[in-house]
2 protein chains.
Amino acid sequence: MSRRGRQAEAARNDLRLLRAAHEVFTTQGFDAPVSAIANQAGLGMGSLYRRYRTKEELLQRLCLIAMERAVAAAEDGLAQADPWDGLVLYVRTCVEFRSGALAPIAGTIEVTGEMWRVARLAEEVADRLVTRAHEAGVLRSDVTALDISLLMEQFSRPAPGPLDEEHCKVRERLLAIALDGLRAPGATELPGDPPSAEWYEGRWGSAP
Amino acid sequence: MSRRGRQAEAARNDLRLLRAAHEVFTTQGFDAPVSAIANQAGLGMGSLYRRYRTKEELLQRLCLIAMERAVAAAEDGLAQADPWDGLVLYVRTCVEFRSGALAPIAGTIEVTGEMWRVARLAEEVADRLVTRAHEAGVLRSDVTALDISLLMEQFSRPAPGPLDEEHCKVRERLLAIALDGLRAPGATELPGDPPSAEWYEGRWGSAP
DNA sequence: GTGTAACGGAGCTGTTCGCTCCGGAATATC
DNA sequence: GATATTCCGGAGCGAACAGCTCCGTTACAC
(Lines give C-alpha, C1' and ligand atoms only; values in the text may rest on other atoms or scores of the structure.)
Protein backbone atom coordinates (compact mmCIF):
# COMPACT_ATOMS: atom_id res chain seq x y z
CA MET A 1 0.00 0.00 0.00
CA SER A 2 2.76 2.41 0.87
CA ARG A 3 4.06 4.36 -2.09
CA ARG A 4 7.50 5.86 -2.54
CA GLY A 5 8.94 9.28 -3.14
CA ARG A 6 6.53 12.09 -3.90
CA GLN A 7 3.52 9.88 -3.61
CA ALA A 8 4.47 9.01 -0.05
CA GLU A 9 4.88 12.69 0.67
CA ALA A 10 1.47 13.37 -0.79
CA ALA A 11 -0.06 10.76 1.48
CA ARG A 12 1.64 12.25 4.52
CA ASN A 13 0.43 15.70 3.52
CA ASP A 14 -3.07 14.41 3.28
CA LEU A 15 -2.95 13.41 6.91
CA ARG A 16 -1.32 16.64 8.00
CA LEU A 17 -4.02 18.53 6.19
CA LEU A 18 -6.80 16.66 7.89
CA ARG A 19 -5.23 17.10 11.29
CA ALA A 20 -4.65 20.79 10.70
CA ALA A 21 -8.18 21.29 9.49
CA HIS A 22 -9.55 19.56 12.54
CA GLU A 23 -7.43 21.68 14.81
CA VAL A 24 -8.30 24.95 13.13
CA PHE A 25 -12.00 24.41 12.59
CA THR A 26 -12.66 23.08 16.07
CA THR A 27 -10.81 25.94 17.74
CA GLN A 28 -11.52 28.88 15.45
CA GLY A 29 -14.93 27.92 14.12
CA PHE A 30 -16.17 27.06 10.68
CA ASP A 31 -15.40 30.46 9.17
CA ALA A 32 -11.69 30.23 9.79
CA PRO A 33 -9.79 31.11 6.60
CA VAL A 34 -8.64 28.25 4.45
CA SER A 35 -5.15 29.73 4.46
CA ALA A 36 -4.99 29.15 8.22
CA ILE A 37 -5.35 25.44 7.61
CA ALA A 38 -2.64 25.39 4.96
CA ASN A 39 -0.36 27.29 7.34
CA GLN A 40 -1.09 25.02 10.26
CA ALA A 41 -0.31 22.03 8.05
CA GLY A 42 2.86 23.68 6.78
CA LEU A 43 1.63 23.45 3.20
CA GLY A 44 0.73 25.82 0.42
CA MET A 45 -2.73 26.61 -0.81
CA GLY A 46 -2.09 24.65 -3.97
CA SER A 47 -1.57 21.41 -2.09
CA LEU A 48 -4.78 21.91 -0.22
CA TYR A 49 -6.94 22.65 -3.23
CA ARG A 50 -5.54 19.74 -5.19
CA ARG A 51 -7.13 17.39 -2.65
CA TYR A 52 -10.31 19.25 -1.87
CA ARG A 53 -11.97 21.19 -4.61
CA THR A 54 -13.72 23.55 -2.19
CA LYS A 55 -13.75 24.47 1.46
CA GLU A 56 -17.10 22.79 1.79
CA GLU A 57 -15.73 19.49 0.52
CA LEU A 58 -13.01 19.62 3.14
CA LEU A 59 -15.55 20.31 5.84
CA GLN A 60 -17.72 17.43 4.69
CA ARG A 61 -14.81 15.03 4.83
CA LEU A 62 -13.85 16.36 8.25
CA CYS A 63 -17.33 15.95 9.69
CA LEU A 64 -17.51 12.44 8.37
CA ILE A 65 -14.25 11.50 10.01
CA ALA A 66 -15.30 13.09 13.29
CA MET A 67 -18.51 11.10 13.29
CA GLU A 68 -16.64 7.91 12.54
CA ARG A 69 -14.35 8.62 15.46
CA ALA A 70 -17.39 9.18 17.64
CA VAL A 71 -18.78 5.82 16.58
CA ALA A 72 -15.47 4.20 17.41
CA ALA A 73 -15.44 5.89 20.81
CA ALA A 74 -18.94 4.62 21.56
CA GLU A 75 -17.95 1.11 20.53
CA ASP A 76 -14.94 1.32 22.82
CA GLY A 77 -17.30 2.35 25.57
CA LEU A 78 -19.55 -0.61 24.84
CA ALA A 79 -16.53 -2.88 25.01
CA GLN A 80 -15.93 -1.85 28.62
CA ALA A 81 -17.37 -4.27 31.13
CA ASP A 82 -18.68 -1.60 33.48
CA PRO A 83 -21.59 0.40 32.00
CA TRP A 84 -20.64 3.60 33.81
CA ASP A 85 -16.98 3.42 32.89
CA GLY A 86 -17.97 2.80 29.29
CA LEU A 87 -20.17 5.84 29.17
CA VAL A 88 -17.50 8.02 30.76
CA LEU A 89 -14.90 6.79 28.32
CA TYR A 90 -17.16 7.71 25.42
CA VAL A 91 -17.91 11.19 26.72
CA ARG A 92 -14.29 11.91 27.64
CA THR A 93 -13.00 10.75 24.28
CA CYS A 94 -15.48 12.79 22.28
CA VAL A 95 -14.88 15.95 24.27
CA GLU A 96 -11.15 15.45 24.03
CA PHE A 97 -11.13 15.66 20.27
CA ARG A 98 -13.96 18.17 20.26
CA SER A 99 -16.21 16.17 18.01
CA GLY A 100 -19.10 18.25 19.21
CA ALA A 101 -17.58 21.43 17.86
CA LEU A 102 -18.16 20.15 14.35
CA ALA A 103 -21.80 19.25 14.83
CA PRO A 104 -23.15 22.78 14.47
CA ILE A 105 -20.99 23.61 11.47
CA ALA A 106 -22.69 20.80 9.64
CA GLY A 107 -25.62 23.19 9.50
CA THR A 108 -23.65 25.46 7.18
CA ILE A 109 -22.76 22.88 4.55
CA GLU A 110 -24.63 20.40 2.46
CA VAL A 111 -25.00 17.13 4.34
CA THR A 112 -24.14 14.22 2.11
CA GLY A 113 -25.91 10.89 2.11
CA GLU A 114 -22.91 9.22 3.64
CA MET A 115 -22.87 11.75 6.45
CA TRP A 116 -26.49 10.94 7.24
CA ARG A 117 -25.67 7.25 7.24
CA VAL A 118 -22.84 7.61 9.75
CA ALA A 119 -24.85 10.05 11.85
CA ARG A 120 -27.61 7.48 12.17
CA LEU A 121 -25.08 4.83 13.08
CA ALA A 122 -23.50 7.09 15.69
CA GLU A 123 -26.88 7.81 17.17
CA GLU A 124 -27.70 4.14 17.39
CA VAL A 125 -24.44 3.09 19.06
CA ALA A 126 -24.62 5.94 21.55
CA ASP A 127 -28.19 4.96 22.33
CA ARG A 128 -27.09 1.46 23.17
CA LEU A 129 -24.41 2.83 25.47
CA VAL A 130 -26.85 5.09 27.28
CA THR A 131 -29.56 2.45 27.50
CA ARG A 132 -27.13 0.02 29.04
CA ALA A 133 -26.16 2.59 31.65
CA HIS A 134 -29.80 3.29 32.39
CA GLU A 135 -30.61 -0.36 32.82
CA ALA A 136 -27.66 -0.81 35.13
CA GLY A 137 -29.05 2.06 37.20
CA VAL A 138 -25.82 4.06 37.10
CA LEU A 139 -27.13 6.95 34.99
CA ARG A 140 -29.81 9.28 36.28
CA SER A 141 -33.07 8.29 34.70
CA ASP A 142 -34.22 11.72 33.55
CA VAL A 143 -31.30 12.24 31.17
CA THR A 144 -31.50 11.14 27.53
CA ALA A 145 -28.88 10.20 24.97
CA LEU A 146 -29.53 13.49 23.24
CA ASP A 147 -28.89 15.39 26.45
CA ILE A 148 -25.51 13.75 26.58
CA SER A 149 -24.73 14.61 22.98
CA LEU A 150 -25.59 18.21 23.68
CA LEU A 151 -23.55 18.19 26.85
CA MET A 152 -20.54 17.01 24.86
CA GLU A 153 -21.26 19.68 22.31
CA GLN A 154 -21.38 22.38 24.94
CA PHE A 155 -18.08 21.22 26.35
CA SER A 156 -16.50 21.04 22.90
CA ARG A 157 -17.32 24.66 22.26
CA PRO A 158 -14.03 26.48 21.85
CA ALA A 159 -13.08 29.68 23.61
CA PRO A 160 -12.43 32.58 21.25
CA GLY A 161 -8.85 33.68 20.95
CA PRO A 162 -5.67 31.65 20.75
CA LEU A 163 -5.53 27.99 21.66
CA ASP A 164 -4.57 27.50 25.28
CA GLU A 165 -3.04 24.45 26.87
CA GLU A 166 -4.31 25.43 30.29
CA HIS A 167 -7.84 25.62 28.98
CA CYS A 168 -7.81 21.92 28.15
CA LYS A 169 -6.87 21.08 31.71
CA VAL A 170 -9.67 23.23 33.01
CA ARG A 171 -12.15 21.58 30.70
CA GLU A 172 -11.28 18.20 32.13
CA ARG A 173 -12.06 19.48 35.60
CA LEU A 174 -15.38 20.93 34.51
CA LEU A 175 -16.26 17.79 32.65
CA ALA A 176 -15.55 15.73 35.77
CA ILE A 177 -18.08 17.89 37.60
CA ALA A 178 -20.70 17.39 34.92
CA LEU A 179 -20.08 13.64 34.87
CA ASP A 180 -20.65 13.50 38.62
CA GLY A 181 -23.94 15.27 38.00
CA LEU A 182 -24.86 12.56 35.54
CA ARG A 183 -24.79 9.75 38.05
CA ALA A 184 -28.01 8.43 39.44
CA PRO A 185 -29.99 9.72 41.16
CA GLY A 186 -30.05 13.43 40.35
CA ALA A 187 -30.52 15.73 43.31
CA THR A 188 -33.03 17.72 41.31
CA GLU A 189 -35.35 16.80 38.48
CA LEU A 190 -34.15 18.20 35.16
CA PRO A 191 -36.26 21.17 34.07
CA GLY A 192 -38.30 21.23 30.87
CA ASP A 193 -38.83 18.54 28.28
CA PRO A 194 -35.99 16.47 26.86
CA PRO A 195 -34.74 17.76 23.51
CA SER A 196 -36.35 16.13 20.49
CA ALA A 197 -34.51 14.31 17.73
CA GLU A 198 -36.36 16.31 15.08
CA TRP A 199 -35.09 19.58 16.46
CA TYR A 200 -31.57 18.26 16.79
CA GLU A 201 -31.32 17.02 13.23
CA GLY A 202 -33.25 20.00 11.96
CA ARG A 203 -30.12 22.08 12.35
CA TRP A 204 -28.59 20.14 9.49
CA GLY A 205 -31.30 20.90 7.02
CA SER A 206 -33.92 18.37 6.07
CA ALA A 207 -33.36 14.62 6.09
CA PRO A 208 -32.05 12.93 2.92
CA MET B 1 -33.78 63.21 35.32
CA SER B 2 -36.10 62.30 32.46
CA ARG B 3 -35.81 64.60 29.48
CA ARG B 4 -38.43 65.34 26.87
CA GLY B 5 -38.75 65.03 23.13
CA ARG B 6 -35.69 64.06 21.16
CA GLN B 7 -33.55 63.79 24.22
CA ALA B 8 -35.87 61.19 25.67
CA GLU B 9 -35.73 59.29 22.41
CA ALA B 10 -31.97 59.44 22.48
CA ALA B 11 -31.95 58.00 25.98
CA ARG B 12 -34.27 55.18 24.95
CA ASN B 13 -32.10 54.47 21.96
CA ASP B 14 -29.09 54.24 24.20
CA LEU B 15 -30.73 51.42 26.10
CA ARG B 16 -31.89 49.67 22.97
CA LEU B 17 -28.38 49.86 21.64
CA LEU B 18 -26.88 48.34 24.73
CA ARG B 19 -29.41 45.55 24.79
CA ALA B 20 -28.90 44.83 21.11
CA ALA B 21 -25.14 44.84 21.49
CA HIS B 22 -25.36 42.43 24.38
CA GLU B 23 -27.60 40.13 22.40
CA VAL B 24 -25.47 40.20 19.28
CA PHE B 25 -22.05 39.95 20.86
CA THR B 26 -22.98 37.17 23.26
CA THR B 27 -24.58 35.08 20.54
CA GLN B 28 -22.45 35.85 17.49
CA GLY B 29 -19.12 36.53 19.12
CA PHE B 30 -16.97 39.61 19.34
CA ASP B 31 -16.38 39.89 15.61
CA ALA B 32 -20.01 40.35 14.75
CA PRO B 33 -20.43 43.32 12.41
CA VAL B 34 -21.38 46.63 13.97
CA SER B 35 -24.22 46.93 11.50
CA ALA B 36 -25.81 43.83 13.02
CA ILE B 37 -26.11 45.68 16.30
CA ALA B 38 -27.64 48.72 14.70
CA ASN B 39 -30.12 46.47 12.90
CA GLN B 40 -31.01 44.53 16.02
CA ALA B 41 -31.62 47.83 17.81
CA GLY B 42 -33.68 49.12 14.90
CA LEU B 43 -31.35 52.09 14.50
CA GLY B 44 -29.01 53.47 11.89
CA MET B 45 -25.25 53.38 12.00
CA GLY B 46 -25.16 57.09 12.64
CA SER B 47 -27.02 56.76 15.90
CA LEU B 48 -24.63 54.11 17.07
CA TYR B 49 -21.45 55.96 16.25
CA ARG B 50 -22.67 59.17 17.82
CA ARG B 51 -22.69 57.42 21.20
CA TYR B 52 -19.66 55.21 20.83
CA ARG B 53 -16.75 56.49 18.87
CA THR B 54 -15.47 53.02 18.02
CA LYS B 55 -16.53 49.42 18.22
CA GLU B 56 -13.99 48.93 20.98
CA GLU B 57 -15.54 51.63 23.11
CA LEU B 58 -18.91 49.91 22.82
CA LEU B 59 -17.39 46.62 23.84
CA GLN B 60 -15.71 48.18 26.83
CA ARG B 61 -18.95 49.66 28.04
CA LEU B 62 -20.70 46.36 27.49
CA CYS B 63 -18.16 44.37 29.43
CA LEU B 64 -18.35 46.82 32.28
CA ILE B 65 -22.11 46.51 32.48
CA ALA B 66 -21.95 42.74 32.31
CA MET B 67 -19.51 42.67 35.20
CA GLU B 68 -21.70 44.99 37.22
CA ARG B 69 -24.62 42.68 36.61
CA ALA B 70 -22.51 39.76 37.75
CA VAL B 71 -21.68 41.63 40.94
CA ALA B 72 -25.36 42.30 41.50
CA ALA B 73 -26.17 38.63 40.91
CA ALA B 74 -23.57 37.57 43.45
CA GLU B 75 -24.96 40.02 45.97
CA ASP B 76 -28.43 38.64 45.38
CA GLY B 77 -27.02 35.21 46.03
CA LEU B 78 -25.43 36.41 49.25
CA ALA B 79 -28.77 37.84 50.29
CA GLN B 80 -30.32 34.37 50.18
CA ALA B 81 -30.47 32.68 53.53
CA ASP B 82 -29.46 29.27 52.22
CA PRO B 83 -25.83 29.11 51.02
CA TRP B 84 -26.55 26.55 48.32
CA ASP B 85 -29.60 28.35 46.98
CA GLY B 86 -27.60 31.55 46.89
CA LEU B 87 -24.83 29.99 44.88
CA VAL B 88 -27.28 28.42 42.45
CA LEU B 89 -29.09 31.70 41.98
CA TYR B 90 -25.80 33.38 41.13
CA VAL B 91 -24.75 30.76 38.63
CA ARG B 92 -28.17 30.56 36.99
CA THR B 93 -28.45 34.32 36.66
CA CYS B 94 -25.02 34.73 35.13
CA VAL B 95 -25.50 31.93 32.65
CA GLU B 96 -28.92 33.26 31.74
CA PHE B 97 -27.57 36.55 30.52
CA ARG B 98 -24.41 34.93 29.23
CA SER B 99 -22.07 37.14 31.18
CA GLY B 100 -19.36 34.57 30.63
CA ALA B 101 -19.51 34.98 26.88
CA LEU B 102 -18.06 38.43 27.25
CA ALA B 103 -15.14 37.45 29.45
CA PRO B 104 -12.95 36.12 26.63
CA ILE B 105 -13.66 39.01 24.31
CA ALA B 106 -12.14 41.29 26.90
CA GLY B 107 -8.88 39.79 25.72
CA THR B 108 -9.32 41.47 22.35
CA ILE B 109 -9.81 45.03 23.62
CA GLU B 110 -7.97 47.37 25.91
CA VAL B 111 -9.06 46.81 29.48
CA THR B 112 -9.75 50.11 31.20
CA GLY B 113 -8.94 50.91 34.80
CA GLU B 114 -12.59 50.90 35.71
CA MET B 115 -13.01 47.47 34.20
CA TRP B 116 -10.20 46.16 36.39
CA ARG B 117 -11.82 47.73 39.42
CA VAL B 118 -15.18 46.07 38.82
CA ALA B 119 -13.52 42.79 37.91
CA ARG B 120 -11.74 42.77 41.25
CA LEU B 121 -14.98 43.56 43.01
CA ALA B 122 -16.80 40.78 41.17
CA GLU B 123 -14.08 38.35 42.10
CA GLU B 124 -14.30 39.31 45.73
CA VAL B 125 -18.08 39.01 46.02
CA ALA B 126 -18.11 35.69 44.20
CA ASP B 127 -15.39 34.48 46.53
CA ARG B 128 -17.51 35.29 49.53
CA LEU B 129 -20.41 33.37 48.01
CA VAL B 130 -18.29 30.32 47.32
CA THR B 131 -16.55 30.43 50.67
CA ARG B 132 -19.87 30.55 52.47
CA ALA B 133 -21.05 27.49 50.54
CA HIS B 134 -17.84 25.67 51.36
CA GLU B 135 -18.14 26.44 55.05
CA ALA B 136 -21.73 25.26 55.07
CA GLY B 137 -20.52 22.02 53.54
CA VAL B 138 -22.91 22.16 50.59
CA LEU B 139 -20.29 22.65 47.88
CA ARG B 140 -17.75 19.97 47.08
CA SER B 141 -14.49 20.97 48.65
CA ASP B 142 -12.22 20.45 45.65
CA VAL B 143 -13.90 23.09 43.52
CA THR B 144 -12.72 26.70 43.58
CA ALA B 145 -14.44 29.99 42.80
CA LEU B 146 -12.44 30.17 39.60
CA ASP B 147 -13.68 26.73 38.57
CA ILE B 148 -17.19 28.06 38.90
CA SER B 149 -16.43 31.17 36.87
CA LEU B 150 -15.03 29.00 34.13
CA LEU B 151 -17.99 26.67 34.32
CA MET B 152 -20.29 29.62 33.80
CA GLU B 153 -18.12 30.75 30.94
CA GLN B 154 -18.30 27.36 29.27
CA PHE B 155 -22.05 27.34 29.58
CA SER B 156 -22.33 30.88 28.26
CA ARG B 157 -20.50 29.91 25.10
CA PRO B 158 -22.89 30.40 22.22
CA ALA B 159 -23.58 27.89 19.50
CA PRO B 160 -22.65 29.07 16.02
CA GLY B 161 -25.52 29.78 13.72
CA PRO B 162 -28.83 31.48 14.36
CA LEU B 163 -30.16 32.08 17.85
CA ASP B 164 -32.38 29.23 18.96
CA GLU B 165 -35.07 29.30 21.61
CA GLU B 166 -34.85 25.56 22.10
CA HIS B 167 -31.16 25.81 22.80
CA CYS B 168 -31.80 27.95 25.88
CA LYS B 169 -34.09 25.28 27.30
CA VAL B 170 -31.47 22.65 26.69
CA ARG B 171 -28.84 24.73 28.38
CA GLU B 172 -30.94 24.90 31.51
CA ARG B 173 -31.12 21.14 31.60
CA LEU B 174 -27.38 20.77 31.15
CA LEU B 175 -26.71 23.40 33.77
CA ALA B 176 -28.93 21.53 36.21
CA ILE B 177 -26.76 18.48 35.67
CA ALA B 178 -23.58 20.43 36.30
CA LEU B 179 -25.03 22.01 39.41
CA ASP B 180 -25.83 18.56 40.76
CA GLY B 181 -22.22 17.67 40.15
CA LEU B 182 -21.18 20.65 42.20
CA ARG B 183 -22.82 19.46 45.42
CA ALA B 184 -20.69 17.91 48.09
CA PRO B 185 -19.19 15.40 48.07
CA GLY B 186 -17.93 14.74 44.58
CA ALA B 187 -17.99 11.14 43.50
CA THR B 188 -14.54 11.56 42.03
CA GLU B 189 -11.68 13.88 42.86
CA LEU B 190 -11.27 16.63 40.28
CA PRO B 191 -8.25 15.99 38.05
CA GLY B 192 -5.29 18.34 37.81
CA ASP B 193 -4.54 21.53 39.69
CA PRO B 194 -7.13 24.24 40.15
CA PRO B 195 -6.78 27.08 37.64
CA SER B 196 -4.67 29.99 38.81
CA ALA B 197 -5.82 33.58 39.04
CA GLU B 198 -2.73 34.77 37.15
CA TRP B 199 -3.57 32.63 34.18
CA TYR B 200 -7.20 33.68 34.24
CA GLU B 201 -6.49 37.38 34.28
CA GLY B 202 -3.58 36.94 31.91
CA ARG B 203 -6.04 36.57 29.09
CA TRP B 204 -6.91 40.23 29.51
CA GLY B 205 -3.41 41.49 29.04
CA SER B 206 -1.29 42.65 31.96
CA ALA B 207 -2.70 44.15 35.13
CA PRO B 208 -3.20 47.93 35.31
C1' DG C 1 18.62 14.62 -19.75
C1' DT C 2 13.86 14.64 -20.08
C1' DG C 3 9.14 14.06 -18.49
C1' DT C 4 5.99 14.12 -14.76
C1' DA C 5 3.83 14.92 -10.59
C1' DA C 6 3.47 17.57 -6.60
C1' DC C 7 4.94 21.79 -4.52
C1' DG C 8 4.43 26.96 -2.61
C1' DG C 9 2.44 31.21 -2.52
C1' DA C 10 1.51 35.71 -5.12
C1' DG C 11 -2.43 37.54 -6.89
C1' DC C 12 -7.31 37.84 -8.82
C1' DT C 13 -12.11 38.91 -7.74
C1' DG C 14 -15.69 39.56 -4.89
C1' DT C 15 -17.37 40.37 -0.31
C1' DT C 16 -17.46 42.44 4.08
C1' DC C 17 -15.69 45.15 7.56
C1' DG C 18 -15.43 49.63 10.47
C1' DC C 19 -16.55 54.03 9.95
C1' DT C 20 -17.97 58.66 7.71
C1' DC C 21 -20.94 61.84 5.82
C1' DC C 22 -24.85 64.15 4.59
C1' DG C 23 -29.78 65.01 3.36
C1' DG C 24 -33.92 65.01 5.89
C1' DA C 25 -37.19 64.73 9.81
C1' DA C 26 -38.43 66.06 14.37
C1' DT C 27 -38.13 69.35 17.98
C1' DA C 28 -37.10 73.81 20.20
C1' DT C 29 -36.93 79.02 19.94
C1' DC C 30 -38.51 83.22 18.38
C1' DG D 1 -44.89 80.50 10.57
C1' DA D 2 -39.75 80.89 10.04
C1' DT D 3 -35.42 79.63 11.64
C1' DA D 4 -32.01 77.10 14.22
C1' DT D 5 -30.78 73.01 16.40
C1' DT D 6 -30.60 68.23 17.31
C1' DC D 7 -30.80 63.70 16.08
C1' DC D 8 -31.98 60.41 12.73
C1' DG D 9 -31.11 56.73 8.78
C1' DG D 10 -28.39 54.43 5.68
C1' DA D 11 -25.64 54.76 1.20
C1' DG D 12 -21.03 54.63 0.38
C1' DC D 13 -15.82 54.87 1.19
C1' DG D 14 -11.33 52.64 1.60
C1' DA D 15 -9.08 48.92 3.46
C1' DA D 16 -8.80 44.28 4.69
C1' DC D 17 -9.69 39.69 3.84
C1' DA D 18 -12.20 35.85 2.00
C1' DG D 19 -12.08 31.66 -1.36
C1' DC D 20 -9.84 30.12 -5.07
C1' DT D 21 -6.66 29.98 -9.36
C1' DC D 22 -2.53 29.92 -11.73
C1' DC D 23 2.04 29.28 -12.71
C1' DG D 24 7.10 29.07 -12.03
C1' DT D 25 9.82 25.93 -9.28
C1' DT D 26 11.37 21.71 -7.29
C1' DA D 27 12.01 16.74 -6.48
C1' DC D 28 11.71 12.40 -8.10
C1' DA D 29 11.30 8.47 -11.99
C1' DC D 30 13.28 6.46 -15.79
# chains A, B, ... in the order shown; residues from 1 in each chain; ligands from 1
>>> select_by_dssp(residues="region 135-187 of chain A", states="helix (DSSP H, G or I)", output="JSON, numbers by chain")
{"A": [135, 136, 145, 146, 147, 148, 149, 150, 151, 152, 153, 154, 155, 156, 165, 166, 167, 168, 169, 170, 171, 172, 173, 174, 175, 176, 177, 178, 179, 180, 181, 182]}
>>> write_last_selection(atoms="N, CA and C atoms", output="mmCIF file, in the first residue's frame")
data_model
loop_
_atom_site.group_PDB
_atom_site.id
_atom_site.type_symbol
_atom_site.label_atom_id
_atom_site.label_comp_id
_atom_site.auth_asym_id
_atom_site.auth_seq_id
_atom_site.Cartn_x
_atom_site.Cartn_y
_atom_site.Cartn_z
ATOM 1 N N GLU A 135 -30.126 0.917 32.297
ATOM 2 C CA GLU A 135 -30.609 -0.363 32.822
ATOM 3 C C GLU A 135 -29.770 -0.830 34.004
ATOM 4 N N ALA A 136 -28.506 -0.444 34.003
ATOM 5 C CA ALA A 136 -27.657 -0.813 35.132
ATOM 6 C C ALA A 136 -27.915 0.112 36.325
ATOM 7 N N ALA A 145 -30.099 10.272 25.785
ATOM 8 C CA ALA A 145 -28.879 10.198 24.973
ATOM 9 C C ALA A 145 -28.614 11.536 24.287
ATOM 10 N N LEU A 146 -29.688 12.199 23.899
ATOM 11 C CA LEU A 146 -29.534 13.492 23.245
ATOM 12 C C LEU A 146 -29.005 14.550 24.205
ATOM 13 N N ASP A 147 -29.457 14.499 25.444
ATOM 14 C CA ASP A 147 -28.894 15.394 26.454
ATOM 15 C C ASP A 147 -27.381 15.245 26.504
ATOM 16 N N ILE A 148 -26.949 14.015 26.463
ATOM 17 C CA ILE A 148 -25.510 13.755 26.584
ATOM 18 C C ILE A 148 -24.767 14.253 25.354
ATOM 19 N N SER A 149 -25.356 14.054 24.185
ATOM 20 C CA SER A 149 -24.734 14.612 22.976
ATOM 21 C C SER A 149 -24.582 16.113 23.088
ATOM 22 N N LEU A 150 -25.618 16.757 23.582
ATOM 23 C CA LEU A 150 -25.593 18.211 23.675
ATOM 24 C C LEU A 150 -24.642 18.677 24.766
ATOM 25 N N LEU A 151 -24.523 17.867 25.810
ATOM 26 C CA LEU A 151 -23.550 18.191 26.851
ATOM 27 C C LEU A 151 -22.134 18.149 26.269
ATOM 28 N N MET A 152 -21.863 17.108 25.493
ATOM 29 C CA MET A 152 -20.543 17.015 24.859
ATOM 30 C C MET A 152 -20.324 18.190 23.928
ATOM 31 N N GLU A 153 -21.381 18.562 23.234
ATOM 32 C CA GLU A 153 -21.262 19.683 22.308
ATOM 33 C C GLU A 153 -20.942 20.975 23.058
ATOM 34 N N GLN A 154 -21.631 21.165 24.153
ATOM 35 C CA GLN A 154 -21.382 22.385 24.943
ATOM 36 C C GLN A 154 -19.941 22.410 25.443
ATOM 37 N N PHE A 155 -19.438 21.260 25.829
ATOM 38 C CA PHE A 155 -18.076 21.215 26.347
ATOM 39 C C PHE A 155 -17.031 21.250 25.243
ATOM 40 N N SER A 156 -17.446 20.964 24.024
ATOM 41 C CA SER A 156 -16.505 21.038 22.904
ATOM 42 C C SER A 156 -16.345 22.452 22.392
ATOM 43 N N GLU A 165 -3.274 25.736 26.229
ATOM 44 C CA GLU A 165 -3.042 24.449 26.873
ATOM 45 C C GLU A 165 -3.775 24.356 28.205
ATOM 46 N N GLU A 166 -3.684 25.431 28.973
ATOM 47 C CA GLU A 166 -4.311 25.432 30.294
ATOM 48 C C GLU A 166 -5.820 25.208 30.209
ATOM 49 N N HIS A 167 -6.398 25.748 29.144
ATOM 50 C CA HIS A 167 -7.835 25.620 28.983
ATOM 51 C C HIS A 167 -8.274 24.160 28.894
ATOM 52 N N CYS A 168 -7.469 23.337 28.262
ATOM 53 C CA CYS A 168 -7.808 21.923 28.151
ATOM 54 C C CYS A 168 -7.856 21.267 29.524
ATOM 55 N N LYS A 169 -6.890 21.605 30.340
ATOM 56 C CA LYS A 169 -6.870 21.076 31.706
ATOM 57 C C LYS A 169 -8.146 21.461 32.454
ATOM 58 N N VAL A 170 -8.479 22.739 32.325
ATOM 59 C CA VAL A 170 -9.674 23.230 33.007
ATOM 60 C C VAL A 170 -10.902 22.469 32.540
ATOM 61 N N ARG A 171 -10.976 22.259 31.221
ATOM 62 C CA ARG A 171 -12.152 21.582 30.697
ATOM 63 C C ARG A 171 -12.305 20.187 31.276
ATOM 64 N N GLU A 172 -11.184 19.525 31.527
ATOM 65 C CA GLU A 172 -11.282 18.203 32.135
ATOM 66 C C GLU A 172 -11.877 18.275 33.539
ATOM 67 N N ARG A 173 -11.476 19.305 34.261
ATOM 68 C CA ARG A 173 -12.058 19.483 35.601
ATOM 69 C C ARG A 173 -13.561 19.707 35.513
ATOM 70 N N LEU A 174 -13.955 20.606 34.627
ATOM 71 C CA LEU A 174 -15.377 20.928 34.509
ATOM 72 C C LEU A 174 -16.176 19.719 34.045
ATOM 73 N N LEU A 175 -15.573 18.978 33.143
ATOM 74 C CA LEU A 175 -16.262 17.787 32.646
ATOM 75 C C LEU A 175 -16.436 16.766 33.770
ATOM 76 N N ALA A 176 -15.436 16.656 34.639
ATOM 77 C CA ALA A 176 -15.550 15.731 35.768
ATOM 78 C C ALA A 176 -16.731 16.123 36.651
ATOM 79 N N ILE A 177 -16.923 17.420 36.824
ATOM 80 C CA ILE A 177 -18.075 17.894 37.605
ATOM 81 C C ILE A 177 -19.376 17.455 36.951
ATOM 82 N N ALA A 178 -19.473 17.729 35.639
ATOM 83 C CA ALA A 178 -20.702 17.389 34.920
ATOM 84 C C ALA A 178 -20.961 15.879 34.961
ATOM 85 N N LEU A 179 -19.900 15.092 34.844
ATOM 86 C CA LEU A 179 -20.083 13.640 34.875
ATOM 87 C C LEU A 179 -20.610 13.192 36.236
ATOM 88 N N ASP A 180 -20.108 13.814 37.292
ATOM 89 C CA ASP A 180 -20.654 13.499 38.617
ATOM 90 C C ASP A 180 -22.144 13.812 38.674
ATOM 91 N N GLY A 181 -22.530 14.898 38.001
ATOM 92 C CA GLY A 181 -23.935 15.271 37.999
ATOM 93 C C GLY A 181 -24.801 14.331 37.187
ATOM 94 N N LEU A 182 -24.145 13.491 36.414
ATOM 95 C CA LEU A 182 -24.864 12.565 35.535
ATOM 96 C C LEU A 182 -25.216 11.254 36.231
#
>>> interface_residues(of="chain A", to="chain D", cutoff="12 Å", atoms="only C-alpha atoms (C1' of nucleotides)", output="list in words")
Arg4, Gly5, Arg6, Gln7, Ala8, Glu9, Asp31, Ala32, Pro33, Val34, Ser35, Ala36, Met45, Gly46, Leu48, Tyr49, Arg50, Tyr52, Arg53, Thr54, Lys55 and Glu56 of chain A
>>> atom_distance(atom1="CA of Leu43 (chain B)", atom2="CA of Leu163 (chain B)")
20.3 Å
>>> atom_distance(atom1="CA of Gly44 (chain A)", atom2="CA of Glu114 (chain A)")
29.1 Å
>>> atom_distance(atom1="CA of Gly29 (chain B)", atom2="CA of Glu23 (chain A)")
19.4 Å
